[in-house]
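Visitor: Got a structure for you, questions after.
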Amino acid sequence: MASSPDLDINRRDVILAGAAAAVASSLPGGAEAQAAAPPAGAGPTRATVSLTVNGVIRELEVDTRTTLLDLLRETLHLTGTKKGCDHGQCGACTVIVDGRRINSCLSLALMHEHQNVTTIEGLGTPDDLHPMQAAFVAHDGYQCGYCTPGQICSAVAVIAEVKADIPSHVTDDLTVPVELTEAEIRERMSGNICRCGAYSNIVEAIVEAGRRA
Ligand code: FES
Ligand code: FES
């Protein structure tokens, strides 16, 4: 069968790439690492990102490796959002981006160009608490409080998820509206770990805030 010039070029490129990979993999470990390293003195790559944080537009130049969590805490000094594990396992860093909760430690700041980020500081203030914050206080939903900002951001998004009829793993019947049951709350909040074990109070707080929402 006749082949097109494009196909020939692609084949040649693939063969060359394979040969380069074979040479690289035959190098001793150190030499391979050096081959992949940026030139000495090059410094980190920086880029500009523009995003809205708690209603304020921020345009910032950041190291391209900066996580959203570090941008919030280190650059914007919004230290309400906590760094627990830095590995997506504890939920302490949960923030709401365009209405959905995410682990900000697992997300690069540059991925949020033109998006809306809400942190615990953007939900309420000590003089004007968000209903979820008030419910956590009323039900003693925290002890050391380290996980609390992430729990509250997550809980606010959970209520929005249930209102939007988004099912979870414990939703039995997909043909009727989702209800904010204790089982739904426990399942949806399972990514937010509290080492003090304030879980039952947290569930009570979410039930109450959900009733008022
Ligand atoms: S700090 Fe992000 S999940 Fe633990
Ligand atoms: S209140 Fe202490 S870890 Fe949650």
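Ligands are numbered from 1 in the order shown, chains are lettered A, B, ... in the order of the structure tokens, and residues start at 1 in each chain.
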Residues near Ile206 of chain A, anyone? I mean within 9 Å using only C-alpha atoms, not counting same-chain ones fewer than 2 positions away, as a list in words.
Guide: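 Final neighbour list, sorted by chain and number: Met132, Ala135, Phe136, Ile152, Ala155, Val156, Val158, Ile159, Leu180, Ile185, Asn201, Ile202, Val203, Glu204, Glu208, Ala209, Gly210 and Arg211 of chain A.
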Visitor: Let's have the selection written as a CSV table (one decimal), in the first residue's frame, with all heavy atoms.
Guide:
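Output file result-v1.csv follows:
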```
chain,number,residue,atom,x,y,z
A,132,MET,N,-23.3,28.5,58.0
A,132,MET,CA,-22.6,27.2,58.3
A,132,MET,C,-21.6,27.5,59.5
A,132,MET,O,-21.4,26.6,60.3
A,132,MET,CB,-21.8,26.7,57.1
A,132,MET,CG,-21.2,25.3,57.2
A,132,MET,SD,-22.5,24.0,57.6
A,132,MET,CE,-23.2,23.8,55.9
A,135,ALA,N,-23.5,27.5,62.6
A,135,ALA,CA,-24.0,26.2,63.0
A,135,ALA,C,-22.8,25.4,63.6
A,135,ALA,O,-23.0,24.7,64.6
A,135,ALA,CB,-24.6,25.5,61.8
A,136,PHE,N,-21.6,25.6,63.1
A,136,PHE,CA,-20.5,24.9,63.7
A,136,PHE,C,-20.2,25.4,65.1
A,136,PHE,O,-19.9,24.6,66.0
A,136,PHE,CB,-19.2,25.1,62.8
A,136,PHE,CG,-18.9,24.0,61.8
A,136,PHE,CD1,-19.8,23.8,60.8
A,136,PHE,CD2,-17.8,23.2,61.9
A,136,PHE,CE1,-19.6,22.8,59.9
A,136,PHE,CE2,-17.6,22.2,61.0
A,136,PHE,CZ,-18.4,22.0,60.0
A,152,ILE,N,-15.8,23.5,56.8
A,152,ILE,CA,-16.9,24.4,56.6
A,152,ILE,C,-17.1,24.7,55.1
A,152,ILE,O,-18.2,24.7,54.5
A,152,ILE,CB,-16.7,25.7,57.4
A,152,ILE,CG1,-16.9,25.4,58.9
A,152,ILE,CG2,-17.7,26.8,56.9
A,152,ILE,CD1,-16.7,26.6,59.8
A,155,ALA,N,-18.6,21.7,53.6
A,155,ALA,CA,-20.0,21.5,54.0
A,155,ALA,C,-20.9,22.5,53.2
A,155,ALA,O,-22.0,22.1,52.8
A,155,ALA,CB,-20.2,21.8,55.5
A,156,VAL,N,-20.4,23.7,53.0
A,156,VAL,CA,-21.2,24.7,52.2
A,156,VAL,C,-21.4,24.1,50.8
A,156,VAL,O,-22.5,24.1,50.2
A,156,VAL,CB,-20.5,26.0,52.1
A,156,VAL,CG1,-21.1,26.9,51.1
A,156,VAL,CG2,-20.5,26.7,53.5
A,158,VAL,N,-21.3,20.9,49.9
A,158,VAL,CA,-22.2,19.7,50.0
A,158,VAL,C,-23.6,20.1,49.9
A,158,VAL,O,-24.4,19.4,49.2
A,158,VAL,CB,-21.9,18.9,51.4
A,158,VAL,CG1,-23.0,18.0,51.7
A,158,VAL,CG2,-20.6,18.2,51.3
A,159,ILE,N,-24.0,21.1,50.6
A,159,ILE,CA,-25.4,21.5,50.6
A,159,ILE,C,-25.8,21.9,49.2
A,159,ILE,O,-26.9,21.6,48.7
A,159,ILE,CB,-25.7,22.6,51.6
A,159,ILE,CG1,-25.6,22.0,53.0
A,159,ILE,CG2,-27.1,23.3,51.4
A,159,ILE,CD1,-25.9,22.9,54.2
A,180,LEU,N,-30.7,15.5,52.2
A,180,LEU,CA,-29.6,15.8,53.0
A,180,LEU,C,-29.7,14.9,54.3
A,180,LEU,O,-29.9,15.4,55.4
A,180,LEU,CB,-29.5,17.3,53.4
A,180,LEU,CG,-28.2,17.7,54.0
A,180,LEU,CD1,-27.0,17.6,53.1
A,180,LEU,CD2,-28.3,19.1,54.6
A,185,ILE,N,-24.4,13.1,54.3
A,185,ILE,CA,-23.4,14.0,54.8
A,185,ILE,C,-22.1,13.3,55.2
A,185,ILE,O,-21.0,13.8,54.8
A,185,ILE,CB,-24.0,14.7,56.1
A,185,ILE,CG1,-25.2,15.7,55.7
A,185,ILE,CG2,-22.9,15.5,56.8
A,185,ILE,CD1,-25.9,16.2,56.9
A,201,ASN,N,-20.7,16.1,65.9
A,201,ASN,CA,-21.1,17.5,66.0
A,201,ASN,C,-21.1,18.2,64.7
A,201,ASN,O,-22.0,19.1,64.4
A,201,ASN,CB,-20.2,18.3,67.0
A,201,ASN,CG,-20.3,17.7,68.4
A,201,ASN,OD1,-21.1,16.8,68.7
A,201,ASN,ND2,-19.6,18.3,69.3
A,202,ILE,N,-20.2,17.9,63.8
A,202,ILE,CA,-20.1,18.5,62.5
A,202,ILE,C,-21.3,18.1,61.7
A,202,ILE,O,-21.9,18.9,61.0
A,202,ILE,CB,-18.8,18.0,61.8
A,202,ILE,CG1,-17.6,18.6,62.4
A,202,ILE,CG2,-18.8,18.3,60.3
A,202,ILE,CD1,-16.2,18.1,62.0
A,203,VAL,N,-21.7,16.8,61.8
A,203,VAL,CA,-22.9,16.3,61.1
A,203,VAL,C,-24.2,17.1,61.6
A,203,VAL,O,-25.0,17.6,60.8
A,203,VAL,CB,-23.1,14.8,61.3
A,203,VAL,CG1,-24.5,14.4,60.7
A,203,VAL,CG2,-22.0,14.0,60.6
A,204,GLU,N,-24.3,17.3,62.9
A,204,GLU,CA,-25.4,18.0,63.4
A,204,GLU,C,-25.4,19.5,62.9
A,204,GLU,O,-26.5,20.0,62.5
A,204,GLU,CB,-25.3,18.1,65.0
A,204,GLU,CG,-25.8,16.8,65.6
A,204,GLU,CD,-25.5,16.9,67.1
A,204,GLU,OE1,-25.4,18.0,67.7
A,204,GLU,OE2,-25.5,15.8,67.8
A,208,GLU,N,-28.3,21.2,60.5
A,208,GLU,CA,-29.1,22.4,60.9
A,208,GLU,C,-28.9,23.5,59.8
A,208,GLU,O,-29.9,24.1,59.3
A,208,GLU,CB,-28.5,23.0,62.2
A,208,GLU,CG,-29.4,24.2,62.6
A,208,GLU,CD,-28.7,25.1,63.6
A,208,GLU,OE1,-28.1,24.6,64.6
A,208,GLU,OE2,-28.6,26.3,63.4
A,209,ALA,N,-27.7,23.7,59.3
A,209,ALA,CA,-27.4,24.7,58.3
A,209,ALA,C,-28.2,24.3,57.0
A,209,ALA,O,-28.7,25.2,56.3
A,209,ALA,CB,-25.9,24.8,58.0
A,210,GLY,N,-28.3,23.0,56.7
A,210,GLY,CA,-29.0,22.6,55.5
A,210,GLY,C,-30.5,22.9,55.6
A,210,GLY,O,-31.1,23.2,54.6
A,211,ARG,N,-31.0,22.7,56.8
A,211,ARG,CA,-32.4,23.0,57.0
A,211,ARG,C,-32.7,24.5,56.7
A,211,ARG,O,-33.8,24.9,56.2
A,211,ARG,CB,-32.8,22.7,58.5
A,211,ARG,CG,-33.6,21.4,58.6
A,211,ARG,CD,-34.2,21.3,60.0
A,211,ARG,NE,-33.8,20.1,60.6
A,211,ARG,CZ,-33.1,20.0,61.8
A,211,ARG,NH1,-32.7,21.1,62.4
A,211,ARG,NH2,-32.7,18.9,62.2
```
Visitor: Taking the DSSP secondary structure from the backbone, can you list the residues of segment 66-201 of chain A that are alpha helix (DSSP H), as a PyMOL selection string?
Guide: chain A and resi 68-70+120-123+131-138+148-163+182-188+199-201
Visitor: Restrict the calculation to only C-alpha atoms and all ligand atoms, then for each residue of chain A with any atom at most 6 Å from an atom of ligand 1 give the closest atom pair and their distance in Å to one decimal, rows by chain and rising residue number, as JSON lines.
Guide:
```
{"residue": "A:Lys83", "atom": "CA", "partner": "ligand 1", "partner_atom_place_in_ligand_line": "1 (S)", "distance": 4.1}
{"residue": "A:Gly84", "atom": "CA", "partner": "ligand 1", "partner_atom_place_in_ligand_line": "1 (S)", "distance": 4.0}
{"residue": "A:Cys85", "atom": "CA", "partner": "ligand 1", "partner_atom_place_in_ligand_line": "4 (Fe)", "distance": 3.9}
{"residue": "A:Asp86", "atom": "CA", "partner": "ligand 1", "partner_atom_place_in_ligand_line": "1 (S)", "distance": 3.8}
{"residue": "A:His87", "atom": "CA", "partner": "ligand 1", "partner_atom_place_in_ligand_line": "4 (Fe)", "distance": 5.4}
{"residue": "A:Gly88", "atom": "CA", "partner": "ligand 1", "partner_atom_place_in_ligand_line": "3 (S)", "distance": 3.3}
{"residue": "A:Gln89", "atom": "CA", "partner": "ligand 1", "partner_atom_place_in_ligand_line": "3 (S)", "distance": 4.4}
{"residue": "A:Cys90", "atom": "CA", "partner": "ligand 1", "partner_atom_place_in_ligand_line": "4 (Fe)", "distance": 3.9}
{"residue": "A:Gly91", "atom": "CA", "partner": "ligand 1", "partner_atom_place_in_ligand_line": "3 (S)", "distance": 4.0}
{"residue": "A:Ala92", "atom": "CA", "partner": "ligand 1", "partner_atom_place_in_ligand_line": "4 (Fe)", "distance": 5.2}
{"residue": "A:Cys93", "atom": "CA", "partner": "ligand 1", "partner_atom_place_in_ligand_line": "2 (Fe)", "distance": 4.4}
{"residue": "A:Asn103", "atom": "CA", "partner": "ligand 1", "partner_atom_place_in_ligand_line": "2 (Fe)", "distance": 5.0}
{"residue": "A:Ser104", "atom": "CA", "partner": "ligand 1", "partner_atom_place_in_ligand_line": "2 (Fe)", "distance": 5.9}
{"residue": "A:Cys105", "atom": "CA", "partner": "ligand 1", "partner_atom_place_in_ligand_line": "2 (Fe)", "distance": 4.3}
```
Visitor: Would you compute the distance between atom CA of Gly141 of chain A and atom CA of Glu179 of chain A? Give it in Å to one decimal.
Guide: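 We find that atom CA of Gly141 of chain A and atom CA of Glu179 of chain A lie 21.5 Å from each other.
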Visitor: Name each residue within 8 Å of ligand 2, counting only C-alpha atoms and all ligand atoms, as a VMD selection string.
Guide: chain A and resid 141 to 148 193 to 198
Visitor: So, with only C-alpha atoms as the atoms that count, which of A:Val178, A:Met111, A:Ile120, A:Ala42 lies closest to Ile96 of chain A?
Guide: A:Ile120
Visitor: Using DSSP on the backbone coordinates, identify all residues within chain A classified as strand (DSSP E or B); present the result as a ChimeraX atom specification.
Guide: /A:46-53,56-63,67,94-97,100-103,108,116-118,125,128
Visitor: Of the residues A:Thr119, A:Val207, A:Arg73, A:Thr48, which is the one nearest to Val95 of chain A, using only C-alpha atoms?
Guide: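 So, comparing all the options, the nearest one is A:Thr119.
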